[in-house]
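> My structure is stored as upload_20.pdb, with PDB, C-alpha atoms.
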ATOM      1  CA  PHE A 599       0.000   0.000   0.000  1.00  0.00           C
ATOM      2  CA  LEU A 600       1.361   3.397  -1.020  1.00  0.00           C
ATOM      3  CA  MET A 601      -0.411   6.714  -0.446  1.00  0.00           C
ATOM      4  CA  ILE A 602       0.684   9.703  -2.521  1.00  0.00           C
ATOM      5  CA  ARG A 603      -0.726  13.087  -3.423  1.00  0.00           C
ATOM      6  CA  ARG A 604      -0.952  14.174  -7.006  1.00  0.00           C
ATOM      7  CA  PRO A 605       0.195  17.768  -7.525  1.00  0.00           C
ATOM      8  CA  PRO A 606      -2.269  20.172  -9.115  1.00  0.00           C
ATOM      9  CA  ARG A 607      -2.233  20.265 -12.912  1.00  0.00           C
ATOM     10  CA  SER A 608      -1.959  24.039 -12.742  1.00  0.00           C
ATOM     11  CA  THR A 609       1.364  25.780 -12.329  1.00  0.00           C
ATOM     12  CA  PRO A 610       2.205  26.886  -8.778  1.00  0.00           C
ATOM     13  CA  LYS A 611       3.029  30.489  -8.040  1.00  0.00           C
ATOM     14  CA  PRO A 612       6.773  31.003  -8.612  1.00  0.00           C
ATOM     15  CA  SER A 613       7.107  32.686  -5.238  1.00  0.00           C
ATOM     16  CA  SER A 614       5.729  29.708  -3.302  1.00  0.00           C
ATOM     17  CA  ALA A 615       8.154  26.809  -3.711  1.00  0.00           C
ATOM     18  CA  ALA A 616      11.133  29.005  -4.493  1.00  0.00           C
ATOM     19  CA  SER A 617      10.836  31.115  -1.368  1.00  0.00           C
ATOM     20  CA  ASP A 618      10.507  28.550   1.385  1.00  0.00           C
ATOM     21  CA  VAL A 619      13.581  29.765   3.210  1.00  0.00           C
ATOM     22  CA  TYR A 620      12.801  27.785   6.371  1.00  0.00           C
ATOM     23  CA  LYS A 621      13.078  24.437   4.641  1.00  0.00           C
ATOM     24  CA  ARG A 622      16.289  25.321   2.838  1.00  0.00           C
ATOM     25  CA  GLN A 623      17.973  26.448   6.070  1.00  0.00           C
ATOM     26  CA  ASP A 624      18.301  22.915   7.403  1.00  0.00           C
ATOM     27  CA  ASN A 625      17.590  20.664   4.429  1.00  0.00           C
ATOM     28  CA  ALA A 626      20.581  20.085   2.181  1.00  0.00           C
ATOM     29  CA  LEU A 627      18.325  18.511  -0.445  1.00  0.00           C
ATOM     30  CA  GLN A 628      16.374  21.744  -0.978  1.00  0.00           C
ATOM     31  CA  HIS A 629      17.768  23.766  -3.854  1.00  0.00           C
ATOM     32  CA  PHE A 630      16.649  25.835  -6.797  1.00  0.00           C
ATOM     33  CA  ILE A 631      16.069  24.018 -10.067  1.00  0.00           C
ATOM     34  CA  LYS A 632      16.891  25.830 -13.275  1.00  0.00           C
ATOM     35  CA  GLY A 633      14.091  26.261 -15.781  1.00  0.00           C
ATOM     36  CA  SER A 634      10.719  27.912 -15.992  1.00  0.00           C
ATOM     37  CA  VAL A 635       8.118  27.130 -13.360  1.00  0.00           C
ATOM     38  CA  GLU A 636       5.876  25.733 -16.100  1.00  0.00           C
ATOM     39  CA  ASP A 637       8.574  23.351 -17.395  1.00  0.00           C
ATOM     40  CA  ILE A 638       9.515  22.194 -13.908  1.00  0.00           C
ATOM     41  CA  THR A 639       5.850  21.622 -13.004  1.00  0.00           C
ATOM     42  CA  LEU A 640       5.212  19.606 -16.183  1.00  0.00           C
ATOM     43  CA  LYS A 641       8.326  17.508 -15.583  1.00  0.00           C
ATOM     44  CA  ALA A 642       7.290  16.813 -11.979  1.00  0.00           C
ATOM     45  CA  GLN A 643       3.786  15.815 -13.063  1.00  0.00           C
ATOM     46  CA  ASN A 644       5.138  13.470 -15.753  1.00  0.00           C
ATOM     47  CA  GLU A 645       7.579  11.897 -13.288  1.00  0.00           C
ATOM     48  CA  MET A 646       4.716  11.382 -10.828  1.00  0.00           C
ATOM     49  CA  ASP A 647       2.589   9.664 -13.481  1.00  0.00           C
ATOM     50  CA  HIS A 648       5.534   7.394 -14.376  1.00  0.00           C
ATOM     51  CA  TYR A 649       6.162   6.592 -10.694  1.00  0.00           C
ATOM     52  CA  ILE A 650       2.501   5.674 -10.130  1.00  0.00           C
ATOM     53  CA  LYS A 651       2.505   3.410 -13.195  1.00  0.00           C
ATOM     54  CA  ASN A 652       5.675   1.639 -12.021  1.00  0.00           C
ATOM     55  CA  MET A 653       4.234   1.040  -8.554  1.00  0.00           C
ATOM     56  CA  LYS A 654       0.996  -0.359  -9.972  1.00  0.00           C
ATOM     57  CA  ASP A 655       2.921  -2.533 -12.464  1.00  0.00           C
ATOM     58  CA  ALA A 656       4.856  -3.957  -9.492  1.00  0.00           C
ATOM     59  CA  GLY A 657       1.569  -4.980  -7.851  1.00  0.00           C
ATOM     60  CA  ILE A 658       1.566  -2.242  -5.210  1.00  0.00           C
ATOM     61  CA  GLN A 659      -1.809  -0.785  -4.301  1.00  0.00           C
ATOM     62  CA  VAL A 660      -1.582   2.969  -4.865  1.00  0.00           C
ATOM     63  CA  VAL A 661      -4.076   5.335  -3.250  1.00  0.00           C
ATOM     64  CA  ILE A 662      -3.996   8.799  -4.797  1.00  0.00           C
ATOM     65  CA  TYR A 663      -5.306  11.968  -3.172  1.00  0.00           C
ATOM     66  CA  ASN A 664      -5.471  15.075  -5.289  1.00  0.00           C
ATOM     67  CA  GLN A 665      -3.857  18.160  -3.845  1.00  0.00           C
ATOM     68  CA  SER A 666      -6.677  20.476  -2.805  1.00  0.00           C
ATOM     69  CA  ASN A 667      -4.690  23.338  -1.257  1.00  0.00           C
ATOM     70  CA  PRO A 668      -2.590  25.227  -3.847  1.00  0.00           C
ATOM     71  CA  GLU A 669      -0.427  26.639  -1.035  1.00  0.00           C
ATOM     72  CA  ALA A 670       0.644  23.111  -0.057  1.00  0.00           C
ATOM     73  CA  TYR A 671       2.943  22.823  -3.061  1.00  0.00           C
ATOM     74  CA  ASP A 672       5.332  20.363  -1.422  1.00  0.00           C
ATOM     75  CA  SER A 673       2.886  17.688  -0.354  1.00  0.00           C
ATOM     76  CA  ILE A 674       3.423  14.896  -2.874  1.00  0.00           C
ATOM     77  CA  CYS A 675       5.047  12.655  -0.257  1.00  0.00           C
ATOM     78  CA  PRO A 676       3.773  14.115   3.018  1.00  0.00           C
ATOM     79  CA  ASP A 677       5.837  13.964   6.213  1.00  0.00           C
ATOM     80  CA  TRP A 678       3.028  15.164   8.491  1.00  0.00           C
ATOM     81  CA  PHE A 679       1.658  11.698   9.192  1.00  0.00           C
ATOM     82  CA  THR A 680       2.475   8.014   9.296  1.00  0.00           C
ATOM     83  CA  MET A 681       0.306   4.926   9.294  1.00  0.00           C
ATOM     84  CA  GLN A 682       1.630   1.620  10.545  1.00  0.00           C
ATOM     85  CA  LYS A 683      -0.175  -1.656  10.010  1.00  0.00           C
ATOM     86  CA  SER A 684       1.611  -4.984  10.196  1.00  0.00           C
ATOM     87  CA  ASP A 685       1.574  -8.360  11.910  1.00  0.00           C
ATOM     88  CA  ALA A 686       2.897  -6.595  15.023  1.00  0.00           C
ATOM     89  CA  ILE A 687       0.259  -3.819  14.776  1.00  0.00           C
ATOM     90  CA  PRO A 688      -2.706  -5.466  13.041  1.00  0.00           C
ATOM     91  CA  ASP A 689      -5.251  -2.801  14.054  1.00  0.00           C
ATOM     92  CA  GLY A 690      -3.099   0.051  12.779  1.00  0.00           C
ATOM     93  CA  VAL A 691      -1.762   3.293  14.236  1.00  0.00           C
ATOM     94  CA  PHE A 692      -2.292   6.630  12.490  1.00  0.00           C
ATOM     95  CA  SER A 693      -0.131   9.496  13.780  1.00  0.00           C
ATOM     96  CA  ILE A 694      -0.101  13.208  12.892  1.00  0.00           C
ATOM     97  CA  PHE A 695       3.137  15.066  13.601  1.00  0.00           C
ATOM     98  CA  PRO A 696       4.062  18.639  14.547  1.00  0.00           C
ATOM     99  CA  MET A 697       5.759  20.329  11.590  1.00  0.00           C
ATOM    100  CA  ARG A 698       8.389  23.061  11.879  1.00  0.00           C
ATOM    101  CA  CYS A 699       7.581  24.850   8.616  1.00  0.00           C
ATOM    102  CA  GLU A 700       4.262  26.637   8.256  1.00  0.00           C
ATOM    103  CA  SER A 701       4.120  25.587   4.611  1.00  0.00           C
ATOM    104  CA  ARG A 702       4.212  21.906   5.618  1.00  0.00           C
ATOM    105  CA  ARG A 703       1.332  22.409   8.081  1.00  0.00           C
ATOM    106  CA  LYS A 704      -0.836  23.485   5.134  1.00  0.00           C
ATOM    107  CA  GLU A 705      -0.475  19.976   3.725  1.00  0.00           C
ATOM    108  CA  ARG A 706      -2.802  18.481   6.324  1.00  0.00           C
ATOM    109  CA  ASP A 707      -5.921  17.242   4.597  1.00  0.00           C
ATOM    110  CA  GLU A 708      -9.184  16.404   6.352  1.00  0.00           C
ATOM    111  CA  LYS A 709     -10.032  13.726   3.759  1.00  0.00           C
ATOM    112  CA  ILE A 710      -6.752  11.891   4.389  1.00  0.00           C
ATOM    113  CA  ILE A 711      -7.174  12.258   8.156  1.00  0.00           C
ATOM    114  CA  SER A 712     -10.720  10.885   8.027  1.00  0.00           C
ATOM    115  CA  ASP A 713      -9.779   7.959   5.761  1.00  0.00           C
ATOM    116  CA  MET A 714      -6.729   6.992   7.827  1.00  0.00           C
ATOM    117  CA  LYS A 715      -8.601   7.277  11.143  1.00  0.00           C
ATOM    118  CA  ASN A 716     -11.235   4.915   9.732  1.00  0.00           C
ATOM    119  CA  ALA A 717      -8.540   2.464   8.586  1.00  0.00           C
ATOM    120  CA  CYS A 718      -6.743   2.383  11.966  1.00  0.00           C
ATOM    121  CA  LYS A 719      -7.888   1.594  15.486  1.00  0.00           C
ATOM    122  CA  TYR A 720      -5.379   3.947  17.145  1.00  0.00           C
ATOM    123  CA  PHE A 721      -4.941   7.669  16.453  1.00  0.00           C
ATOM    124  CA  ILE A 722      -2.154   9.893  17.838  1.00  0.00           C
ATOM    125  CA  ASP A 723      -2.231  13.661  17.210  1.00  0.00           C
ATOM    126  CA  LEU A 724       0.963  15.433  18.277  1.00  0.00           C
ATOM    127  CA  THR A 725       0.257  18.758  16.540  1.00  0.00           C
ATOM    128  CA  ALA A 726      -0.322  20.589  19.844  1.00  0.00           C
ATOM    129  CA  PHE A 727       3.471  20.612  20.265  1.00  0.00           C
ATOM    130  CA  GLU A 728       3.705  23.189  17.457  1.00  0.00           C
ATOM    131  CA  THR A 729       2.457  25.864  19.887  1.00  0.00           C
ATOM    132  CA  LYS A 730       5.514  25.086  22.066  1.00  0.00           C
ATOM    133  CA  ASN A 731       7.889  25.179  19.060  1.00  0.00           C
ATOM    134  CA  GLU A 732       8.581  21.473  19.482  1.00  0.00           C
ATOM    135  CA  PHE A 733       8.631  19.350  16.348  1.00  0.00           C
ATOM    136  CA  LEU A 734       8.849  15.776  15.128  1.00  0.00           C
ATOM    137  CA  GLU A 735       8.447  15.684  11.374  1.00  0.00           C
ATOM    138  CA  GLY A 736       7.357  12.078  10.965  1.00  0.00           C
ATOM    139  CA  LYS A 737       9.071  10.477   7.999  1.00  0.00           C
ATOM    140  CA  GLY A 738      11.362  13.502   7.707  1.00  0.00           C
ATOM    141  CA  SER A 739      12.904  12.810  11.128  1.00  0.00           C
ATOM    142  CA  LEU A 740      12.235   9.163  11.879  1.00  0.00           C
ATOM    143  CA  ILE A 741      13.600   5.918  10.493  1.00  0.00           C
ATOM    144  CA  TYR A 742      11.480   2.848  11.109  1.00  0.00           C
ATOM    145  CA  ASP A 743      13.333  -0.441  11.508  1.00  0.00           C
ATOM    146  CA  HIS A 744      10.387  -2.806  11.188  1.00  0.00           C
ATOM    147  CA  ARG A 745      12.501  -5.951  11.343  1.00  0.00           C
ATOM    148  CA  ASN A 746      13.961  -5.075  14.761  1.00  0.00           C
ATOM    149  CA  CYS A 747      10.921  -3.116  16.034  1.00  0.00           C
ATOM    150  CA  LYS A 748      12.900   0.102  16.564  1.00  0.00           C
ATOM    151  CA  ILE A 749      12.477   3.726  15.595  1.00  0.00           C
ATOM    152  CA  TYR A 750      15.482   6.008  15.191  1.00  0.00           C
ATOM    153  CA  CYS A 751      15.395   9.799  15.291  1.00  0.00           C
ATOM    154  CA  ASN A 752      17.955  12.369  14.218  1.00  0.00           C
ATOM    155  CA  LEU A 753      17.701  15.390  16.529  1.00  0.00           C
ATOM    156  CA  SER A 754      17.565  18.630  14.550  1.00  0.00           C
ATOM    157  CA  GLN A 755      15.437  21.750  14.141  1.00  0.00           C
ATOM    158  CA  ARG A 756      12.792  19.350  12.798  1.00  0.00           C
ATOM    159  CA  ALA A 757      12.996  16.894  15.701  1.00  0.00           C
ATOM    160  CA  SER A 758      12.956  18.308  19.220  1.00  0.00           C
ATOM    161  CA  LEU A 759      14.495  16.479  22.170  1.00  0.00           C
ATOM    162  CA  THR A 760      11.503  17.007  24.481  1.00  0.00           C
TER
END
Rewrite the structure from the file as structure tokens, please.

Amino acid sequence: FLMIRRPPRSTPKPSSAASDVYKRQDNALQHFIKGSVEDITLKAQNEMDHYIKNMKDAGIQVVIYNQSNPEAYDSICPDWFTMQKSDAIPDGVFSIFPMRCESRRKERDEKIISDMKNACKYFIDLTAFETKNEFLEGKGSLIYDHRNCKIYCNLSQRASLT
């Protein structure tokens, strides 16, 4: 099972993705891409379509949510939540995480939250920690070792100690 969000087919505002200074401050993978916003958007959409086809061809169930908030331009693979379901956790755990960047908080989607809460018995909402400037950016900060039943965290501006 793979859940992804399809970006809007319209071109994002050039100022949105290019100006997210907060993410670039502590994310070495964030950088400017050369080319027009239209060309970059089209390339990203084509790559997404190819990725979805490859996953389906490999027999992976893909659930696609369309991006409904144009200001959540970076939400294709969201870090704001995780869902675990396995032999060890058969009833499922759905968790929502506190995000450091305001732009990432805009990615939260009531449809996804409702669907995931219905699919899982347990629900954990940690977003209240944002008011204390404490963060834990889900997949952006955590590594799940399912084989050994461990979770690792790299402390950073995106993963608070407390």
> So the first atom is CA of Phe733 (chain A) and the second is CA of Phe679 (chain A); what is the distance between them in Å, to one decimal place?
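Result for CA of Phe733 (chain A) versus CA of Phe679 (chain A): 12.6 Å, one decimal.
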> Do a neighbour search on region 694-698 of chain A at 8 Å with all atoms listed in the file, toss out local chain neighbours closer than 3 positions, and write the hits as a list in words.
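The filter keeps Asp677, Trp678, Phe679, Thr680, Arg702, Arg703, Ile722, Asp723, Leu724, Thr725, Ala726, Phe727, Glu728, Asn731, Glu732, Phe733, Leu734, Glu735, Gly736, Gln755 and Arg756 of chain A.
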> Have a look at CA of Ile658 (chain A) and CA of Ile710 (chain A) and let me know their distance in Å, one decimal.
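CA of Ile658 (chain A) sits 19.0 Å away from CA of Ile710 (chain A).
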> Could you work out how far CA of Tyr649 (chain A) lies from CA of Gln682 (chain A), giving the answer in Å with one decimal?
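Between CA of Gln682 (chain A) and CA of Tyr649 (chain A) the gap is 22.3 Å.
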> For Asp707 (chain A), which of A:Tyr663, A:Ile650, A:Gln643, A:Ser634 is the closest residue, counting all atoms listed in the file?
A:Tyr663
> Would you write out, as a short mmCIF file (atom, residue, chain, number, x, y, z; two decimals) with C-alpha atoms, in the coordinates of the input, every residue that the PyMOL selection byres ((chain A and resi 704) around 8) captures in this file?

data_model
loop_
_atom_site.label_atom_id
_atom_site.label_comp_id
_atom_site.auth_asym_id
_atom_site.auth_seq_id
_atom_site.Cartn_x
_atom_site.Cartn_y
_atom_site.Cartn_z
CA ASN A 667 -4.69 23.34 -1.26
CA GLU A 669 -0.43 26.64 -1.03
CA ALA A 670 0.64 23.11 -0.06
CA GLU A 700 4.26 26.64 8.26
CA SER A 701 4.12 25.59 4.61
CA ARG A 702 4.21 21.91 5.62
CA ARG A 703 1.33 22.41 8.08
CA GLU A 705 -0.48 19.98 3.72
CA ARG A 706 -2.80 18.48 6.32
#
> Nearest residue to Cys747 (chain A) out of A:Met714, A:Lys709, A:Ile687, A:Lys730, using only C-alpha atoms?
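Going through A:Met714, A:Lys709, A:Ile687, A:Lys730 one by one, the smallest distance to Cys747 (chain A) is for A:Ile687.
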> Could you expand the PyMOL selection byres ((chain A and resi 688-691) around 6) into the explicit residues it covers here, written as a list of chain:residue names?
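So the PyMOL selection byres ((chain A and resi 688-691) around 6) ends up selecting A:Met681, A:Gln682, A:Lys683, A:Ser684, A:Asp685, A:Ile687, A:Phe692, A:Cys718, A:Lys719, A:Tyr720, A:Phe721.
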> Excluding same-chain residues fewer than 4 positions from Leu740 (chain A), what lies within 7 Å of it counting all atoms listed in the file, as an MDAnalysis selection string?
chainID A and resid 736 749:752
> Between A:Gly633, A:Asp743, A:Arg603, A:Leu753, which is the closest to Asp647 (chain A) once you count all atoms listed in the file?
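So, comparing all the options, the nearest one is A:Arg603.
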> Identify, on the basis of all atoms listed in the file, every residue whose closest approach to Lys654 (chain A) does not exceed 12 Å; exclude the query and any residue fewer than 6 positions from it along the same chain; express the result as a list of chain:residue names.
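In the requested form, the answer reads A:Phe599, A:Leu600, A:Met601, A:Asp647, A:His648, A:Val660, A:Val661, A:Ile662.
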